[in-house]
Amino acid sequence: MMTLTKITALILLSGAALAAPVASAQTPYTDDTVYQGLGGKDGIKHIVDTFIPMVLADPRIKDSFADFDMQQLAVRLGEQFCEFSGGPCKYTGKYRDKTMDGVGTVRDMATVHQDLKITNAQFNALAEDLQIAMERNNVPSSVSNKLIAKLAPMQRAIVTK
Amino acid sequence: MQNNNNTVLRRTGAVLALAATLAAAGDALAIDSTPDMGKFLATGGVSEVDGAGGGGITPWALITGYGTRDSWGANAHYTYLKTQDYSLGSYGVAVGIADRVELSLAQQQFEGSAAPLNHLNIKQDIIGVKVRVAGDAVYEQDSPMPQLAVGVQYKRNKGVGGLGALGVTNVTQLGARDDHGYDYYVSATKILFEQSLLLNGTLRATKANQMGILGFGGDKGDDVRIMPEASAAYLINRKLALGAEYRNQPHNLGADANARGYYDVFLAYFPTKNVSLTAAYANLGQITIFNTRNQSGWYLSLQTGF
């Protein structure tokens, strides 16, 4: 039991260490104008609910998500959009691999993508789907661009090819 | 006829040379031969009047087309600008390789429509190369570092038509030192998503009079001058950008009346990654001492590619 806790702690710590240089690159907005522009918590949920099916239907990128727990991904994305936009959320930045028993490896932004060989074209396709998802939820372009500004530097952690 | 055949041969040669260069560059950069059309919409820019990827009258540091660093892209353009007494047409092709190197070929045709220059017809060929040297205009949103590119444009003026009665068939007879020349430039482009802005600054080392339409160097000087160019655009949405541009030029030629900068305001529309349409209103100032009327008018440009 102790061992398991220790291992978990170790994984979390090393994950945090790996994530640190990436996370430090982007700091969330300090006021909640963008969060409100996205429609707050409900608005972000609608955006994510529009976005996920688009991603799964997008031939450019859907295969990359084949082994993903999309429900968990939706929660992480919601947290992330909320935090970056200055909303009252905390992005944990941790993704647990999908396994039968629910106890998968916990990963951060960089490690979750390292084996996927994601290209710039795929990263851009995902960002484009997000822009369209925001458009469909009537988010003004000036607001959606502000969110894109926070997400774009993630290219360095996500694009591994 | 012989002349036409020669022209066709020369053009075919140029296209083959370009294709060979592309194949070599593709191998060197280990890119996919299939175009990926993977860049963000509009981030290849439109086609500048000299043929490079950019705004309407100034090159940007962005590489033309939609190929990412793993692929390539290309496009063709046709641009037509009509002022009170002149028109300028430009058509060409450009290729972007690995989001790193851009090669462009363009031809400009400048015509007069008001007497005594109503038969004036000047053509110019332009070959351009641009290389992205640093930065990324799109991803580096957490840094003020822009995307930087350097480029060169070789311009060859193909002679003056319509002034035969005056015995003028070459721009050198109008006072230009040369009928060909090189422009060297460095461009810095930054997309500021937070502000929905695209900003570009270009410095061009040039001797060109009216972009080379009136030749290079002249009776007033033959020094290369470094001239500023700038663009700013507001990204209204994913498909629309509204902006303004400025391009200054040297004043080496006496016949080149009061050569001042060009200005334009433009609206660029990107309905898909295969087509862009730019409408602008441009002010070119006075162009020659033979007609001192200020020249301004509509500019329309169609770009198609991948």
# chains A, B, ... in the order shown; residues from 1 in each chain; ligands from 1

$ residues_around --residues "range 156-158 of chain A" --least-positions-apart "3" --cutoff "9 Å" --atoms "only C-alpha atoms" --output "list in words"
Ala19, Val22, Met109, Ala110, Thr111, Val112, His113, Gln114, Leu116, Lys117, Ile118, Thr119, Asn120, Phe123, Ala152 and Pro153 of chain A; Tyr139 of chain B

$ residues_around --residues "Leu130 in chain A" --least-positions-apart "5" --cutoff "10 Å" --atoms "only C-alpha atoms" --output "PyMOL selection string"
chain A and resi 47-48+50-52+54-55+124-125+135-136+144+147-148

$ interface_residues --of "chain B" --to "chain A" --cutoff "10 Å" --atoms "only C-alpha atoms" --output "ChimeraX atom specification"
/B:36-41,66-71,138-143,191-197,234-238

$ select_by_dssp --residues "range 206-291 of chain B" --states "strand (DSSP E)" --output "count of residues only"
44

$ residues_around --residues "Gly285 in chain B" --least-positions-apart "5" --cutoff "8 Å" --atoms "only C-alpha atoms" --output "PyMOL selection string"
chain B and resi 259-262+293-296

$ select_by_dssp --residues "range 58-152 of chain A" --states "alpha helix (DSSP H)" --output "number ranges by chain"
A: 70-84, 109-113, 120-136, 141-151

$ residues_around --residues "Met70 in chain A" --least-positions-apart "2" --cutoff "12 Å" --atoms "only C-alpha atoms" --output "PDB file with C-alpha atoms, in the first residue's frame"
ATOM      1  CA  VAL A  48     -16.310  21.040 -25.633  1.00  0.00           C
ATOM      2  CA  ASP A  49     -19.505  19.111 -26.455  1.00  0.00           C
ATOM      3  CA  PHE A  51     -15.640  20.069 -30.281  1.00  0.00           C
ATOM      4  CA  ILE A  52     -15.217  16.404 -29.268  1.00  0.00           C
ATOM      5  CA  PRO A  53     -17.537  14.918 -31.934  1.00  0.00           C
ATOM      6  CA  VAL A  55     -12.457  15.794 -33.586  1.00  0.00           C
ATOM      7  CA  LEU A  56     -13.702  12.198 -33.678  1.00  0.00           C
ATOM      8  CA  LYS A  62      -9.461  11.018 -35.446  1.00  0.00           C
ATOM      9  CA  SER A  64      -4.810   9.828 -32.917  1.00  0.00           C
ATOM     10  CA  PHE A  65      -7.658   9.655 -30.428  1.00  0.00           C
ATOM     11  CA  ALA A  66      -8.491   5.984 -30.979  1.00  0.00           C
ATOM     12  CA  ASP A  67      -7.179   4.849 -27.593  1.00  0.00           C
ATOM     13  CA  PHE A  68      -8.323   7.864 -25.642  1.00  0.00           C
ATOM     14  CA  GLN A  72     -11.863  12.171 -19.422  1.00  0.00           C
ATOM     15  CA  LEU A  73     -10.394  14.245 -22.244  1.00  0.00           C
ATOM     16  CA  ALA A  74     -13.547  16.372 -22.345  1.00  0.00           C
ATOM     17  CA  VAL A  75     -13.200  17.088 -18.622  1.00  0.00           C
ATOM     18  CA  ARG A  76      -9.503  17.971 -18.973  1.00  0.00           C
ATOM     19  CA  LEU A  77     -10.197  20.254 -21.948  1.00  0.00           C
ATOM     20  CA  GLY A  78     -13.006  21.988 -20.090  1.00  0.00           C
ATOM     21  CA  TYR A  95      -4.479  12.314 -17.932  1.00  0.00           C
ATOM     22  CA  ARG A  96      -4.933   8.706 -16.840  1.00  0.00           C
ATOM     23  CA  ASP A  97      -4.488   6.109 -19.567  1.00  0.00           C
ATOM     24  CA  LYS A  98      -7.590   4.132 -20.432  1.00  0.00           C
TER      25      LYS A  98
END

$ residues_around --residues "range 89-93 of chain A" --least-positions-apart "2" --cutoff "6 Å" --atoms "only C-alpha atoms" --output "VMD selection string"
chain A and resid 79 to 80 82 to 83 87 108

$ atom_distance --atom1 "CA of Gln107 in chain B" --atom2 "CA of Gly51 in chain B"
8.1 Å

$ residues_around --residues "range 60-65 of chain B" --least-positions-apart "5" --cutoff "9 Å" --atoms "only C-alpha atoms" --output "ChimeraX atom specification"
/B:37,39,42-48,52-55,72-75,94-103,130-133,136-137,146-151,186-190,200-202,231,273,305-306

$ atom_distance --atom1 "CA of Val171 in chain B" --atom2 "CA of Ala280 in chain B"
28.4 Å

$ atom_distance --atom1 "CA of Tyr263 in chain B" --atom2 "CA of Arg247 in chain B"
6.6 Å

$ decode --residues "range 109-158 of chain A" --atoms "N, CA and C atoms" --output "short mmCIF file (atom, residue, chain, number, x, y, z; two decimals), in the first residue's frame"
data_model
loop_
_atom_site.label_atom_id
_atom_site.label_comp_id
_atom_site.auth_asym_id
_atom_site.auth_seq_id
_atom_site.Cartn_x
_atom_site.Cartn_y
_atom_site.Cartn_z
N MET A 109 0.93 16.60 -20.30
CA MET A 109 0.76 17.03 -21.70
C MET A 109 1.84 16.47 -22.63
N ALA A 110 3.10 16.50 -22.16
CA ALA A 110 4.18 16.07 -23.05
C ALA A 110 4.21 14.55 -23.18
N THR A 111 4.12 13.85 -22.05
CA THR A 111 4.27 12.39 -22.12
C THR A 111 3.07 11.73 -22.80
N VAL A 112 1.90 12.34 -22.67
CA VAL A 112 0.73 11.75 -23.29
C VAL A 112 0.85 11.81 -24.82
N HIS A 113 1.63 12.77 -25.30
CA HIS A 113 1.74 12.93 -26.76
C HIS A 113 3.01 12.35 -27.35
N GLN A 114 3.96 11.94 -26.49
CA GLN A 114 5.29 11.66 -27.03
C GLN A 114 5.33 10.49 -28.02
N ASP A 115 4.43 9.53 -27.84
CA ASP A 115 4.47 8.37 -28.74
C ASP A 115 3.50 8.51 -29.91
N LEU A 116 2.76 9.60 -29.95
CA LEU A 116 1.69 9.71 -30.95
C LEU A 116 2.18 10.25 -32.29
N LYS A 117 3.39 10.77 -32.31
CA LYS A 117 3.96 11.33 -33.55
C LYS A 117 3.01 12.33 -34.20
N ILE A 118 2.60 13.28 -33.39
CA ILE A 118 1.68 14.31 -33.86
C ILE A 118 2.43 15.31 -34.75
N THR A 119 1.84 15.67 -35.86
CA THR A 119 2.47 16.64 -36.78
C THR A 119 1.88 18.03 -36.56
N ASN A 120 2.56 19.02 -37.11
CA ASN A 120 2.01 20.37 -37.08
C ASN A 120 0.64 20.41 -37.74
N ALA A 121 0.50 19.66 -38.85
CA ALA A 121 -0.79 19.66 -39.57
C ALA A 121 -1.91 19.14 -38.66
N GLN A 122 -1.60 18.11 -37.86
CA GLN A 122 -2.63 17.57 -36.95
C GLN A 122 -2.94 18.53 -35.82
N PHE A 123 -1.88 19.14 -35.28
CA PHE A 123 -2.09 20.13 -34.22
C PHE A 123 -2.97 21.28 -34.73
N ASN A 124 -2.65 21.73 -35.95
CA ASN A 124 -3.43 22.83 -36.53
C ASN A 124 -4.87 22.42 -36.83
N ALA A 125 -5.04 21.16 -37.25
CA ALA A 125 -6.39 20.66 -37.54
C ALA A 125 -7.24 20.69 -36.27
N LEU A 126 -6.61 20.27 -35.17
CA LEU A 126 -7.32 20.27 -33.89
C LEU A 126 -7.70 21.70 -33.48
N ALA A 127 -6.74 22.61 -33.63
CA ALA A 127 -7.00 24.01 -33.28
C ALA A 127 -8.10 24.59 -34.17
N GLU A 128 -8.07 24.19 -35.44
CA GLU A 128 -9.10 24.68 -36.37
C GLU A 128 -10.49 24.16 -35.96
N ASP A 129 -10.54 22.88 -35.58
CA ASP A 129 -11.82 22.33 -35.12
C ASP A 129 -12.32 23.10 -33.89
N LEU A 130 -11.39 23.45 -33.01
CA LEU A 130 -11.78 24.20 -31.82
C LEU A 130 -12.31 25.59 -32.21
N GLN A 131 -11.62 26.23 -33.16
CA GLN A 131 -12.11 27.55 -33.61
C GLN A 131 -13.53 27.44 -34.16
N ILE A 132 -13.77 26.39 -34.96
CA ILE A 132 -15.09 26.22 -35.55
C ILE A 132 -16.12 25.89 -34.46
N ALA A 133 -15.71 25.09 -33.48
CA ALA A 133 -16.61 24.76 -32.38
C ALA A 133 -17.01 26.03 -31.63
N MET A 134 -16.06 26.95 -31.46
CA MET A 134 -16.37 28.21 -30.78
C MET A 134 -17.28 29.07 -31.65
N GLU A 135 -17.00 29.09 -32.96
CA GLU A 135 -17.87 29.83 -33.90
C GLU A 135 -19.31 29.33 -33.80
N ARG A 136 -19.45 28.00 -33.78
CA ARG A 136 -20.80 27.41 -33.75
C ARG A 136 -21.52 27.72 -32.46
N ASN A 137 -20.76 28.07 -31.41
CA ASN A 137 -21.38 28.45 -30.16
C ASN A 137 -21.39 29.98 -29.99
N ASN A 138 -21.27 30.66 -31.13
CA ASN A 138 -21.39 32.13 -31.18
C ASN A 138 -20.39 32.88 -30.30
N VAL A 139 -19.21 32.30 -30.16
CA VAL A 139 -18.16 33.03 -29.44
C VAL A 139 -17.55 34.04 -30.43
N PRO A 140 -17.47 35.31 -30.04
CA PRO A 140 -16.87 36.29 -30.96
C PRO A 140 -15.42 35.90 -31.29
N SER A 141 -15.03 36.17 -32.52
CA SER A 141 -13.69 35.80 -32.97
C SER A 141 -12.60 36.42 -32.09
N SER A 142 -12.82 37.65 -31.64
CA SER A 142 -11.81 38.31 -30.81
C SER A 142 -11.60 37.54 -29.51
N VAL A 143 -12.65 36.87 -29.03
CA VAL A 143 -12.54 36.08 -27.79
C VAL A 143 -11.89 34.73 -28.09
N SER A 144 -12.34 34.07 -29.16
CA SER A 144 -11.77 32.75 -29.45
C SER A 144 -10.29 32.87 -29.78
N ASN A 145 -9.90 33.96 -30.45
CA ASN A 145 -8.47 34.16 -30.72
C ASN A 145 -7.67 34.30 -29.43
N LYS A 146 -8.29 34.88 -28.40
CA LYS A 146 -7.59 35.03 -27.12
C LYS A 146 -7.33 33.67 -26.48
N LEU A 147 -8.26 32.75 -26.65
CA LEU A 147 -8.03 31.40 -26.14
C LEU A 147 -6.96 30.70 -26.98
N ILE A 148 -7.06 30.86 -28.30
CA ILE A 148 -6.05 30.26 -29.20
C ILE A 148 -4.64 30.75 -28.82
N ALA A 149 -4.56 32.04 -28.44
CA ALA A 149 -3.26 32.60 -28.06
C ALA A 149 -2.64 31.82 -26.90
N LYS A 150 -3.48 31.33 -26.00
CA LYS A 150 -2.96 30.57 -24.85
C LYS A 150 -2.64 29.13 -25.21
N LEU A 151 -3.33 28.60 -26.20
CA LEU A 151 -3.15 27.19 -26.55
C LEU A 151 -2.03 26.96 -27.57
N ALA A 152 -1.80 27.97 -28.43
CA ALA A 152 -0.84 27.79 -29.53
C ALA A 152 0.56 27.36 -29.08
N PRO A 153 1.10 27.93 -27.98
CA PRO A 153 2.45 27.52 -27.58
C PRO A 153 2.55 26.05 -27.16
N MET A 154 1.40 25.40 -26.93
CA MET A 154 1.44 23.97 -26.60
C MET A 154 1.97 23.13 -27.74
N GLN A 155 2.03 23.74 -28.91
CA GLN A 155 2.60 23.03 -30.07
C GLN A 155 3.94 22.40 -29.71
N ARG A 156 4.72 23.12 -28.88
CA ARG A 156 6.06 22.63 -28.54
C ARG A 156 6.02 21.31 -27.76
N ALA A 157 4.95 21.13 -26.95
CA ALA A 157 4.84 19.90 -26.16
C ALA A 157 4.10 18.81 -26.92
N ILE A 158 3.23 19.22 -27.82
CA ILE A 158 2.32 18.25 -28.45
C ILE A 158 2.87 17.70 -29.76
#
